[in-house]
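Listing of model39.cif; format and content: mmCIF, C-alpha atoms.
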data_coords
loop_
_atom_site.label_atom_id
_atom_site.label_comp_id
_atom_site.auth_asym_id
_atom_site.auth_seq_id
_atom_site.Cartn_x
_atom_site.Cartn_y
_atom_site.Cartn_z
CA MET A 98 -141.71 -87.88 10.67
CA TRP A 99 -139.51 -87.85 7.55
CA ARG A 100 -142.37 -86.74 5.27
CA ALA A 101 -143.36 -83.89 7.58
CA ALA A 102 -139.78 -82.76 8.20
CA ARG A 103 -138.29 -79.56 6.82
CA PRO A 104 -135.03 -79.68 4.80
CA CYS A 105 -132.85 -78.86 7.84
CA GLU A 106 -134.63 -81.53 9.90
CA ARG A 107 -134.18 -84.11 7.17
CA LEU A 108 -130.48 -83.31 6.97
CA CYS A 109 -130.14 -83.74 10.74
CA LEU A 110 -132.05 -87.03 10.67
CA ALA A 111 -129.86 -88.29 7.84
CA ILE A 112 -126.67 -87.29 9.65
CA GLY A 113 -127.91 -88.89 12.86
CA THR A 114 -128.64 -92.12 11.00
CA ALA A 115 -125.17 -92.06 9.42
CA LEU A 116 -123.57 -91.64 12.85
CA VAL A 117 -125.55 -94.60 14.21
CA LEU A 118 -124.45 -96.71 11.23
CA SER A 119 -120.86 -95.63 11.86
CA GLY A 120 -121.13 -96.87 15.43
CA LEU A 121 -122.57 -100.21 14.29
CA ALA A 122 -119.86 -100.55 11.63
CA HIS A 123 -117.16 -100.13 14.26
CA LEU A 124 -118.85 -102.77 16.36
CA LEU A 125 -118.14 -105.12 13.45
CA VAL A 126 -114.57 -103.83 13.31
CA PHE A 127 -114.21 -104.68 16.98
CA ALA A 128 -115.61 -108.17 16.37
CA VAL A 129 -113.02 -108.76 13.63
CA ASP A 130 -110.00 -106.92 15.01
CA GLY A 131 -110.54 -107.60 18.71
CA GLY A 132 -108.53 -105.77 21.32
CA PRO A 133 -109.65 -104.34 24.67
CA TRP A 134 -113.16 -102.97 25.09
CA ASP A 135 -112.21 -100.72 28.00
CA GLY A 136 -109.43 -98.17 28.26
CA PRO A 137 -108.49 -94.95 26.43
CA VAL A 138 -107.57 -96.82 23.22
CA SER A 139 -110.29 -99.22 22.09
CA TRP A 140 -112.98 -99.67 19.47
CA ARG A 141 -115.54 -98.99 22.20
CA LYS A 142 -115.22 -95.25 21.72
CA PRO A 143 -116.22 -94.97 18.03
CA VAL A 144 -119.00 -97.51 18.71
CA THR A 145 -120.52 -95.80 21.74
CA PHE A 146 -119.95 -92.24 20.53
CA GLY A 147 -121.35 -92.98 17.07
CA LEU A 148 -124.47 -94.59 18.51
CA SER A 149 -124.89 -92.02 21.27
CA PHE A 150 -124.35 -88.91 19.13
CA GLY A 151 -126.50 -90.31 16.33
CA LEU A 152 -129.42 -91.14 18.61
CA THR A 153 -129.09 -87.82 20.43
CA LEU A 154 -129.12 -85.85 17.18
CA ILE A 155 -132.20 -87.71 15.96
CA ALA A 156 -133.90 -87.24 19.34
CA VAL A 157 -133.11 -83.54 19.60
CA THR A 158 -134.29 -82.94 16.03
CA TRP A 159 -137.59 -84.61 16.90
CA VAL A 160 -138.29 -83.23 20.37
CA THR A 161 -137.38 -79.64 19.55
CA SER A 162 -140.26 -79.63 17.05
CA TYR A 163 -142.51 -79.37 20.12
CA LEU A 164 -140.69 -76.32 21.50
CA ARG A 165 -142.18 -72.87 21.08
CA MET A 166 -139.33 -71.01 19.43
CA GLY A 167 -138.64 -69.35 16.11
CA ALA A 168 -138.28 -71.70 13.16
CA ARG A 169 -135.16 -69.94 11.87
CA ALA A 170 -133.44 -69.94 15.28
CA ARG A 171 -134.22 -73.64 15.74
CA ALA A 172 -132.89 -74.46 12.25
CA VAL A 173 -129.62 -72.63 12.94
CA LEU A 174 -129.19 -74.33 16.31
CA LEU A 175 -129.91 -77.75 14.80
CA ALA A 176 -127.38 -77.13 12.02
CA VAL A 177 -124.70 -76.15 14.55
CA PHE A 178 -125.57 -79.15 16.71
CA ALA A 179 -125.42 -81.56 13.76
CA ALA A 180 -122.06 -80.20 12.58
CA ASP A 181 -120.68 -80.47 16.10
CA CYS A 182 -121.87 -84.07 16.40
CA VAL A 183 -120.03 -84.93 13.18
CA VAL A 184 -116.83 -83.25 14.39
CA GLU A 185 -116.96 -85.06 17.73
CA VAL A 186 -117.54 -88.52 16.25
CA ALA A 187 -115.02 -87.92 13.44
CA GLY A 188 -112.27 -86.89 15.88
CA ILE A 189 -112.89 -89.87 18.14
CA THR A 190 -113.04 -92.27 15.20
CA LEU A 191 -109.86 -90.86 13.67
CA GLN A 192 -107.93 -91.36 16.89
CA ALA A 193 -109.29 -94.88 17.30
CA TRP A 194 -107.92 -95.82 13.87
CA ARG A 195 -104.61 -94.17 14.77
CA ARG A 196 -104.55 -96.31 17.94
CA VAL A 197 -104.12 -93.31 20.26
CA PRO A 198 -106.40 -91.78 22.92
CA SER A 199 -108.82 -89.17 21.66
CA HIS A 200 -109.55 -87.17 24.81
CA LEU A 201 -106.91 -85.60 27.08
CA ASN A 202 -104.14 -86.66 24.69
CA THR A 203 -101.41 -84.00 24.42
CA THR A 204 -98.60 -86.30 23.31
CA THR A 205 -98.06 -84.54 19.96
CA PRO A 206 -99.23 -81.22 18.51
CA PHE A 207 -101.69 -83.07 16.27
CA ASP A 208 -103.12 -85.06 19.18
CA THR A 209 -103.36 -81.87 21.22
CA GLY A 210 -105.28 -80.22 18.39
CA VAL A 211 -107.74 -83.12 18.22
CA ALA A 212 -108.23 -83.14 21.99
CA MET A 213 -108.79 -79.39 22.09
CA THR A 214 -111.23 -79.58 19.19
CA LEU A 215 -113.23 -82.24 21.04
CA ALA A 216 -113.21 -80.14 24.21
CA VAL A 217 -114.38 -77.01 22.39
CA GLY A 218 -117.01 -79.09 20.60
CA GLY A 219 -118.26 -80.27 23.96
CA GLY A 220 -118.69 -76.66 25.01
CA VAL A 221 -120.71 -75.95 21.86
CA LEU A 222 -122.94 -78.95 22.62
CA VAL A 223 -123.60 -77.64 26.12
CA ALA A 224 -124.43 -74.17 24.82
CA VAL A 225 -126.85 -75.36 22.11
CA LEU A 226 -128.64 -77.88 24.31
CA SER A 227 -128.90 -75.30 27.11
CA VAL A 228 -130.72 -72.95 24.73
CA PHE A 229 -133.17 -75.72 23.82
CA ALA A 230 -133.64 -76.57 27.51
CA ALA A 231 -134.32 -72.93 28.34
CA ALA A 232 -136.95 -72.80 25.57
CA ALA A 233 -138.62 -75.90 27.02
CA PHE A 234 -138.95 -74.25 30.43
CA ARG A 235 -139.72 -70.73 29.18
CA HIS A 236 -142.88 -71.74 27.30
CA ARG A 237 -144.99 -74.84 27.77
CA PRO A 238 -144.06 -77.24 24.91
CA ASP A 239 -146.66 -78.48 22.46
CA GLY A 240 -147.41 -82.12 21.74
CA PRO A 241 -149.63 -84.89 23.05
CA PRO A 242 -150.62 -85.07 26.75
CA GLY A 243 -147.60 -85.71 28.92
CA MET A 244 -145.11 -84.40 26.38
CA PRO A 245 -144.41 -81.13 28.27
CA LEU A 246 -143.48 -83.09 31.41
CA ALA A 247 -141.39 -85.57 29.42
CA LEU A 248 -139.55 -82.82 27.54
CA ARG A 249 -138.79 -80.70 30.56
CA SER A 250 -137.68 -83.71 32.61
CA GLY A 251 -135.60 -85.02 29.72
CA PHE A 252 -133.81 -81.74 29.18
CA ALA A 253 -133.22 -81.25 32.92
CA ILE A 254 -131.61 -84.69 33.21
CA LEU A 255 -129.66 -84.06 30.00
CA LEU A 256 -128.15 -80.92 31.52
CA VAL A 257 -127.01 -82.98 34.51
CA ALA A 258 -125.33 -85.42 32.12
CA LEU A 259 -123.62 -82.56 30.27
CA LEU A 260 -122.38 -81.14 33.58
CA ALA A 261 -120.93 -84.57 34.42
CA GLY A 262 -119.16 -84.60 31.06
CA ALA A 263 -117.72 -81.14 31.68
CA VAL A 264 -116.43 -82.23 35.09
CA MET A 265 -114.81 -85.32 33.53
CA ILE A 266 -112.97 -83.19 30.98
CA ALA A 267 -111.94 -80.56 33.54
CA ARG A 268 -110.55 -83.13 35.96
CA GLY A 269 -108.76 -85.01 33.20
CA VAL A 270 -107.16 -81.83 31.84
CA LEU A 271 -105.99 -80.87 35.33
CA LEU A 272 -104.36 -84.26 35.89
CA SER A 273 -102.83 -84.23 32.42
CA ARG A 274 -101.28 -80.80 32.85
CA THR A 275 -99.79 -81.79 36.22
CA GLY A 276 -97.99 -84.76 34.68
CA HIS A 277 -100.45 -87.54 35.61
CA GLN A 278 -101.42 -88.65 32.11
CA GLN A 279 -102.48 -92.22 32.91
CA ALA A 280 -104.46 -91.02 35.90
CA ALA A 281 -106.18 -88.51 33.60
CA TYR A 282 -107.32 -91.30 31.27
CA HIS A 283 -108.79 -93.29 34.16
CA SER A 284 -110.21 -90.35 36.10
CA THR A 285 -113.39 -90.24 34.00
CA ALA A 286 -114.60 -93.71 35.05
CA PRO A 287 -116.67 -92.67 38.12
CA LEU A 288 -118.77 -90.20 36.13
CA LYS A 289 -119.30 -92.29 32.99
CA PRO A 290 -122.51 -94.01 34.23
CA LEU A 291 -124.05 -90.67 35.20
CA HIS A 292 -123.05 -89.13 31.89
CA GLY A 293 -124.28 -92.08 29.83
CA VAL A 294 -127.59 -92.62 31.64
CA GLY A 295 -128.56 -88.97 31.73
CA LEU A 296 -127.66 -88.25 28.12
CA HIS A 297 -130.60 -90.17 26.63
CA ALA A 298 -133.40 -89.02 28.91
CA VAL A 299 -134.36 -86.52 26.22
CA LEU A 300 -135.10 -89.47 23.92
CA VAL A 301 -136.52 -92.08 26.33
CA LEU A 302 -139.05 -89.93 28.20
CA PRO A 303 -140.56 -88.09 25.18
CA ALA A 304 -140.71 -91.39 23.28
CA LEU A 305 -142.64 -92.92 26.16
CA ALA A 306 -145.02 -89.95 26.23
CA TRP A 307 -145.62 -90.33 22.50
CA LEU A 308 -146.22 -94.08 22.80
CA LEU A 309 -148.63 -93.59 25.70
CA SER A 310 -150.58 -91.06 23.65
CA ARG A 311 -151.21 -93.81 21.07
CA THR A 312 -152.84 -96.12 23.61
CA ALA A 313 -156.50 -96.33 24.65
CA TRP A 314 -155.65 -95.95 28.32
CA SER A 315 -157.22 -93.16 30.32
CA ALA A 316 -155.45 -89.83 30.65
CA ALA A 317 -154.99 -90.44 34.37
CA ALA A 318 -153.36 -93.84 33.77
CA ARG A 319 -151.02 -92.43 31.13
CA GLN A 320 -150.04 -89.61 33.46
CA ARG A 321 -149.30 -92.01 36.32
CA ILE A 322 -147.10 -94.18 34.08
CA LEU A 323 -145.20 -91.18 32.77
CA ARG A 324 -144.66 -89.75 36.25
CA ALA A 325 -143.43 -93.14 37.44
CA ALA A 326 -141.01 -93.27 34.50
CA VAL A 327 -139.70 -89.78 35.28
CA GLY A 328 -139.31 -90.77 38.92
CA GLY A 329 -137.51 -93.98 37.98
CA TYR A 330 -135.17 -92.18 35.60
CA THR A 331 -134.44 -89.55 38.23
CA ALA A 332 -133.70 -92.30 40.75
CA ALA A 333 -131.28 -93.90 38.30
CA VAL A 334 -129.49 -90.57 37.83
CA LEU A 335 -129.32 -90.03 41.61
CA GLY A 336 -127.95 -93.55 42.04
CA ALA A 337 -125.27 -92.89 39.41
CA THR A 338 -124.45 -89.63 41.20
CA VAL A 339 -124.02 -91.39 44.53
CA TRP A 340 -121.86 -94.07 42.92
CA ALA A 341 -119.69 -91.36 41.34
CA ALA A 342 -119.29 -89.61 44.69
CA LEU A 343 -118.31 -92.83 46.43
CA THR A 344 -115.77 -93.86 43.78
CA TRP A 345 -114.34 -90.39 43.04
#
Just dump the structure as structure tokens.
Amino acid sequence: MWRAARPCERLCLAIGTALVLSGLAHLLVFAVDGGPWDGPVSWRKPVTFGLSFGLTLIAVTWVTSYLRMGARARAVLLAVFAADCVVEVAGITLQAWRRVPSHLNTTTPFDTGVAMTLAVGGGVLVAVLSVFAAAAFRHRPDGPPGMPLALRSGFAILLVALLAGAVMIARGVLLSRTGHQQAAYHSTAPLKPLHGVGLHAVLVLPALAWLLSRTAWSAAARQRILRAAVGGYTAAVLGATVWAALTW
């Protein structure tokens, strides 16, 4: 993959790897420094966001190579996406080292600026990934057998996860602006499983399709396995949605 990659793709893969390493490094920081794992101020956030954004950037760089879209447009979108991933992880990591919440924190002008930057960055992520998702549904993606189904399902579930993230931010901002700051920090909990599970469908399902294409199993068997995986992932997302509704 690295040898066949174009310069923009290599840059995105390198940045994604660096973000993953940042998440792992902060896992070591947590092991040494300790402190709570849950809550708005913890080492969990730079760990999970570093790993999640890094893996997502690597996955998106890979899977969009199967989309039928202009090379220049894809390169620009990937560059914007990579820069946004860096900004998001950097802001979260900065606030973790400052021992203050990163999201929904309007305590000081600086904290407000960081929180707003993260919120705007989230909007950019939604816009870029929505363009990629639209390309996946507009034209049948290339790739080995099963990849079109995996890509379209992965992007559809990813959009659900992004919607859950947008709802978390919107609800938190509303509570924060009405003077319920602590409630704002805790209001995101019901939607976190839905957001986290759905976010990586665009990596898991295409990776499974690629692995199945390397086996000697029949095309019918590979298709059944992939459809079962899509169904199982969809069931997990629906379960997380029900849990969010019940605990809202």
The PyMOL selection byres ((chain A and resi 303-320) around 10) - which residues does that actually catch in the file I just gave you? List them as a PDB file with C-alpha atoms, keeping the file's coordinate frame.
ATOM      1  CA  ALA A 156    -133.900 -87.240  19.340  1.00  0.00           C
ATOM      2  CA  TRP A 159    -137.590 -84.610  16.900  1.00  0.00           C
ATOM      3  CA  VAL A 160    -138.290 -83.230  20.370  1.00  0.00           C
ATOM      4  CA  GLY A 240    -147.410 -82.120  21.740  1.00  0.00           C
ATOM      5  CA  PRO A 241    -149.630 -84.890  23.050  1.00  0.00           C
ATOM      6  CA  PRO A 242    -150.620 -85.070  26.750  1.00  0.00           C
ATOM      7  CA  GLY A 243    -147.600 -85.710  28.920  1.00  0.00           C
ATOM      8  CA  MET A 244    -145.110 -84.400  26.380  1.00  0.00           C
ATOM      9  CA  PRO A 245    -144.410 -81.130  28.270  1.00  0.00           C
ATOM     10  CA  LEU A 246    -143.480 -83.090  31.410  1.00  0.00           C
ATOM     11  CA  ALA A 247    -141.390 -85.570  29.420  1.00  0.00           C
ATOM     12  CA  LEU A 248    -139.550 -82.820  27.540  1.00  0.00           C
ATOM     13  CA  ARG A 249    -138.790 -80.700  30.560  1.00  0.00           C
ATOM     14  CA  SER A 250    -137.680 -83.710  32.610  1.00  0.00           C
ATOM     15  CA  GLY A 251    -135.600 -85.020  29.720  1.00  0.00           C
ATOM     16  CA  ALA A 298    -133.400 -89.020  28.910  1.00  0.00           C
ATOM     17  CA  VAL A 299    -134.360 -86.520  26.220  1.00  0.00           C
ATOM     18  CA  LEU A 300    -135.100 -89.470  23.920  1.00  0.00           C
ATOM     19  CA  VAL A 301    -136.520 -92.080  26.330  1.00  0.00           C
ATOM     20  CA  LEU A 302    -139.050 -89.930  28.200  1.00  0.00           C
ATOM     21  CA  ARG A 321    -149.300 -92.010  36.320  1.00  0.00           C
ATOM     22  CA  ILE A 322    -147.100 -94.180  34.080  1.00  0.00           C
ATOM     23  CA  LEU A 323    -145.200 -91.180  32.770  1.00  0.00           C
ATOM     24  CA  ARG A 324    -144.660 -89.750  36.250  1.00  0.00           C
ATOM     25  CA  ALA A 325    -143.430 -93.140  37.440  1.00  0.00           C
ATOM     26  CA  ALA A 326    -141.010 -93.270  34.500  1.00  0.00           C
TER      27      ALA A 326
END
Which residues match the PyMOL selection byres ((chain A and resi 290-292) around 9) in the file above, as a PyMOL selection string?
chain A and resi 255+257-262+286-289+293-296+333-338+340-341
Within 7 Å of (-107.8, -92.6, 31.9) (coordinates as in the file), grab all the protein and nucleic acid residues, counting all atoms listed in the file, and write them out as a PyMOL selection string.
chain A and resi 136-137+279-285
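Excluding Val183 in chain A itself and any same-chain residue fewer than 6 positions from it, the protein and nucleic acid residues within 12 Å of it, counting only C-alpha atoms, are Cys109, Ala111, Ile112, Gly113, Thr114, Ala115, Leu116, Val117, Ser119, Pro143, Phe146, Gly147, Leu148, Ser149, Phe150, Gly151, Thr153, Leu154, Ala176, Val177, Ile189, Thr190, Leu191, Thr214, Leu215, Gly218, Gly219 and Leu222 of chain A.
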Restricting it to C-alpha atoms, dump the selection as a PDB file, keeping the file's coordinate frame.
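Generated file (out-v4.pdb):
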ATOM      1  CA  CYS A 109    -130.140 -83.740  10.740  1.00  0.00           C
ATOM      2  CA  ALA A 111    -129.860 -88.290   7.840  1.00  0.00           C
ATOM      3  CA  ILE A 112    -126.670 -87.290   9.650  1.00  0.00           C
ATOM      4  CA  GLY A 113    -127.910 -88.890  12.860  1.00  0.00           C
ATOM      5  CA  THR A 114    -128.640 -92.120  11.000  1.00  0.00           C
ATOM      6  CA  ALA A 115    -125.170 -92.060   9.420  1.00  0.00           C
ATOM      7  CA  LEU A 116    -123.570 -91.640  12.850  1.00  0.00           C
ATOM      8  CA  VAL A 117    -125.550 -94.600  14.210  1.00  0.00           C
ATOM      9  CA  SER A 119    -120.860 -95.630  11.860  1.00  0.00           C
ATOM     10  CA  PRO A 143    -116.220 -94.970  18.030  1.00  0.00           C
ATOM     11  CA  PHE A 146    -119.950 -92.240  20.530  1.00  0.00           C
ATOM     12  CA  GLY A 147    -121.350 -92.980  17.070  1.00  0.00           C
ATOM     13  CA  LEU A 148    -124.470 -94.590  18.510  1.00  0.00           C
ATOM     14  CA  SER A 149    -124.890 -92.020  21.270  1.00  0.00           C
ATOM     15  CA  PHE A 150    -124.350 -88.910  19.130  1.00  0.00           C
ATOM     16  CA  GLY A 151    -126.500 -90.310  16.330  1.00  0.00           C
ATOM     17  CA  THR A 153    -129.090 -87.820  20.430  1.00  0.00           C
ATOM     18  CA  LEU A 154    -129.120 -85.850  17.180  1.00  0.00           C
ATOM     19  CA  ALA A 176    -127.380 -77.130  12.020  1.00  0.00           C
ATOM     20  CA  VAL A 177    -124.700 -76.150  14.550  1.00  0.00           C
ATOM     21  CA  ILE A 189    -112.890 -89.870  18.140  1.00  0.00           C
ATOM     22  CA  THR A 190    -113.040 -92.270  15.200  1.00  0.00           C
ATOM     23  CA  LEU A 191    -109.860 -90.860  13.670  1.00  0.00           C
ATOM     24  CA  THR A 214    -111.230 -79.580  19.190  1.00  0.00           C
ATOM     25  CA  LEU A 215    -113.230 -82.240  21.040  1.00  0.00           C
ATOM     26  CA  GLY A 218    -117.010 -79.090  20.600  1.00  0.00           C
ATOM     27  CA  GLY A 219    -118.260 -80.270  23.960  1.00  0.00           C
ATOM     28  CA  LEU A 222    -122.940 -78.950  22.620  1.00  0.00           C
TER      29      LEU A 222
END
Taking only C-alpha atoms into account, which of A:Pro133, A:Leu256, A:Thr204, A:Phe127 comes nearest Gly276 in chain A?
A:Thr204
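Here the question is which of A:Arg103, A:His297, A:Arg195, A:His200 gets nearest to Arg268 in chain A using all atoms listed in the file, and that residue is A:His200.
Minimum atom-to-atom distance to Val157 in chain A, evaluated using all atoms listed in the file, belongs to A:Ser227 out of A:Gln192, A:Asn202, A:Ser227, A:Ser139.
Between CA of Arg274 in chain A and CA of Thr209 in chain A the interatomic distance comes to 11.9 Å.
Reported to one decimal place, the separation of CA of Arg107 in chain A from CA of Trp140 in chain A is 29.0 Å.
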With 12 Å as the threshold, what does the neighbourhood of (-134.4, -69.7, 24.8) contain in terms of residues, counting only C-alpha atoms? Coordinates are those of the file; answer as a PyMOL selection string.
chain A and resi 161+164-167+170-171+174+224-236
What is the CA of Val197 in chain A-CA of Trp345 in chain A distance in Å, reported with one decimal?
25.1 Å
For Arg141 in chain A, find every residue with an atom within 8 Å (counting only C-alpha atoms), except residues of its own chain fewer than 3 positions away, and show them as number ranges by chain.
A: 124, 127, 134-135, 144-145
Please write as a ChimeraX atom specification the full residue list that the PyMOL selection byres ((chain A and resi 201) around 7) yields on this file.
/A:199-200,202-203,212,269-270,273
Atom completion result for range 314-324 of chain A (all heavy atoms) as an mmCIF file, in the coordinates of the input:
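Result written to out.cif:
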data_model
loop_
_atom_site.group_PDB
_atom_site.id
_atom_site.type_symbol
_atom_site.label_atom_id
_atom_site.label_comp_id
_atom_site.auth_asym_id
_atom_site.auth_seq_id
_atom_site.Cartn_x
_atom_site.Cartn_y
_atom_site.Cartn_z
ATOM 1 N N TRP A 314 -155.573 -96.116 26.880
ATOM 2 C CA TRP A 314 -155.650 -95.950 28.320
ATOM 3 C C TRP A 314 -156.173 -94.561 28.679
ATOM 4 O O TRP A 314 -156.048 -93.609 27.893
ATOM 5 C CB TRP A 314 -154.293 -96.192 28.969
ATOM 6 C CG TRP A 314 -153.763 -97.577 28.744
ATOM 7 C CD1 TRP A 314 -154.502 -98.695 28.493
ATOM 8 C CD2 TRP A 314 -152.401 -97.980 28.723
ATOM 9 N NE1 TRP A 314 -153.683 -99.785 28.329
ATOM 10 C CE2 TRP A 314 -152.385 -99.383 28.465
ATOM 11 C CE3 TRP A 314 -151.191 -97.328 28.908
ATOM 12 C CZ2 TRP A 314 -151.204 -100.117 28.395
ATOM 13 C CZ3 TRP A 314 -150.014 -98.055 28.838
ATOM 14 C CH2 TRP A 314 -150.027 -99.431 28.581
ATOM 15 N N SER A 315 -156.694 -94.452 29.873
ATOM 16 C CA SER A 315 -157.220 -93.160 30.320
ATOM 17 C C SER A 315 -156.092 -92.161 30.515
ATOM 18 O O SER A 315 -154.926 -92.534 30.693
ATOM 19 C CB SER A 315 -157.983 -93.338 31.637
ATOM 20 O OG SER A 315 -157.085 -93.689 32.684
ATOM 21 N N ALA A 316 -156.456 -90.882 30.474
ATOM 22 C CA ALA A 316 -155.450 -89.830 30.650
ATOM 23 C C ALA A 316 -154.779 -89.944 32.014
ATOM 24 O O ALA A 316 -153.565 -89.728 32.150
ATOM 25 C CB ALA A 316 -156.099 -88.464 30.483
ATOM 26 N N ALA A 317 -155.560 -90.309 33.026
ATOM 27 C CA ALA A 317 -154.990 -90.440 34.370
ATOM 28 C C ALA A 317 -153.983 -91.573 34.434
ATOM 29 O O ALA A 317 -152.920 -91.447 35.053
ATOM 30 C CB ALA A 317 -156.112 -90.674 35.383
ATOM 31 N N ALA A 318 -154.285 -92.702 33.777
ATOM 32 C CA ALA A 318 -153.360 -93.840 33.770
ATOM 33 C C ALA A 318 -152.075 -93.495 33.033
ATOM 34 O O ALA A 318 -150.968 -93.836 33.491
ATOM 35 C CB ALA A 318 -154.035 -95.047 33.142
ATOM 36 N N ARG A 319 -152.217 -92.821 31.901
ATOM 37 C CA ARG A 319 -151.020 -92.430 31.130
ATOM 38 C C ARG A 319 -150.146 -91.484 31.949
ATOM 39 O O ARG A 319 -148.921 -91.585 31.939
ATOM 40 C CB ARG A 319 -151.428 -91.787 29.808
ATOM 41 C CG ARG A 319 -152.127 -92.734 28.838
ATOM 42 C CD ARG A 319 -152.145 -92.158 27.434
ATOM 43 N NE ARG A 319 -152.844 -90.889 27.367
ATOM 44 C CZ ARG A 319 -154.135 -90.745 27.045
ATOM 45 N NH1 ARG A 319 -154.864 -91.826 26.782
ATOM 46 N NH2 ARG A 319 -154.703 -89.557 26.984
ATOM 47 N N GLN A 320 -150.795 -90.570 32.650
ATOM 48 C CA GLN A 320 -150.040 -89.610 33.460
ATOM 49 C C GLN A 320 -149.300 -90.308 34.594
ATOM 50 O O GLN A 320 -148.149 -89.971 34.909
ATOM 51 C CB GLN A 320 -150.991 -88.539 34.016
ATOM 52 C CG GLN A 320 -150.297 -87.338 34.628
ATOM 53 C CD GLN A 320 -149.691 -86.405 33.598
ATOM 54 O OE1 GLN A 320 -149.748 -86.666 32.403
ATOM 55 N NE2 GLN A 320 -149.086 -85.311 34.051
ATOM 56 N N ARG A 321 -149.949 -91.281 35.230
ATOM 57 C CA ARG A 321 -149.300 -92.010 36.320
ATOM 58 C C ARG A 321 -148.081 -92.777 35.815
ATOM 59 O O ARG A 321 -147.023 -92.798 36.462
ATOM 60 C CB ARG A 321 -150.295 -92.975 36.975
ATOM 61 C CG ARG A 321 -151.314 -92.311 37.887
ATOM 62 C CD ARG A 321 -151.985 -93.342 38.771
ATOM 63 N NE ARG A 321 -152.721 -94.333 37.985
ATOM 64 C CZ ARG A 321 -153.984 -94.220 37.630
ATOM 65 N NH1 ARG A 321 -154.684 -93.140 37.989
ATOM 66 N NH2 ARG A 321 -154.580 -95.179 36.951
ATOM 67 N N ILE A 322 -148.221 -93.419 34.654
ATOM 68 C CA ILE A 322 -147.100 -94.180 34.080
ATOM 69 C C ILE A 322 -145.944 -93.260 33.756
ATOM 70 O O ILE A 322 -144.778 -93.558 34.048
ATOM 71 C CB ILE A 322 -147.561 -94.951 32.834
ATOM 72 C CG1 ILE A 322 -148.574 -96.031 33.216
ATOM 73 C CG2 ILE A 322 -146.359 -95.574 32.108
ATOM 74 C CD1 ILE A 322 -149.218 -96.706 32.025
ATOM 75 N N LEU A 323 -146.259 -92.120 33.152
ATOM 76 C CA LEU A 323 -145.200 -91.180 32.770
ATOM 77 C C LEU A 323 -144.505 -90.619 34.004
ATOM 78 O O LEU A 323 -143.264 -90.517 34.036
ATOM 79 C CB LEU A 323 -145.775 -90.056 31.921
ATOM 80 C CG LEU A 323 -144.757 -89.053 31.372
ATOM 81 C CD1 LEU A 323 -143.716 -89.758 30.503
ATOM 82 C CD2 LEU A 323 -145.448 -87.957 30.570
ATOM 83 N N ARG A 324 -145.277 -90.270 35.024
ATOM 84 C CA ARG A 324 -144.660 -89.750 36.250
ATOM 85 C C ARG A 324 -143.790 -90.804 36.915
ATOM 86 O O ARG A 324 -142.715 -90.493 37.445
ATOM 87 C CB ARG A 324 -145.746 -89.269 37.195
ATOM 88 C CG ARG A 324 -146.407 -87.957 36.768
ATOM 89 C CD ARG A 324 -147.534 -87.567 37.705
ATOM 90 N NE ARG A 324 -148.124 -86.282 37.315
ATOM 91 C CZ ARG A 324 -149.214 -85.766 37.877
ATOM 92 N NH1 ARG A 324 -149.812 -86.413 38.880
ATOM 93 N NH2 ARG A 324 -149.690 -84.601 37.466
#
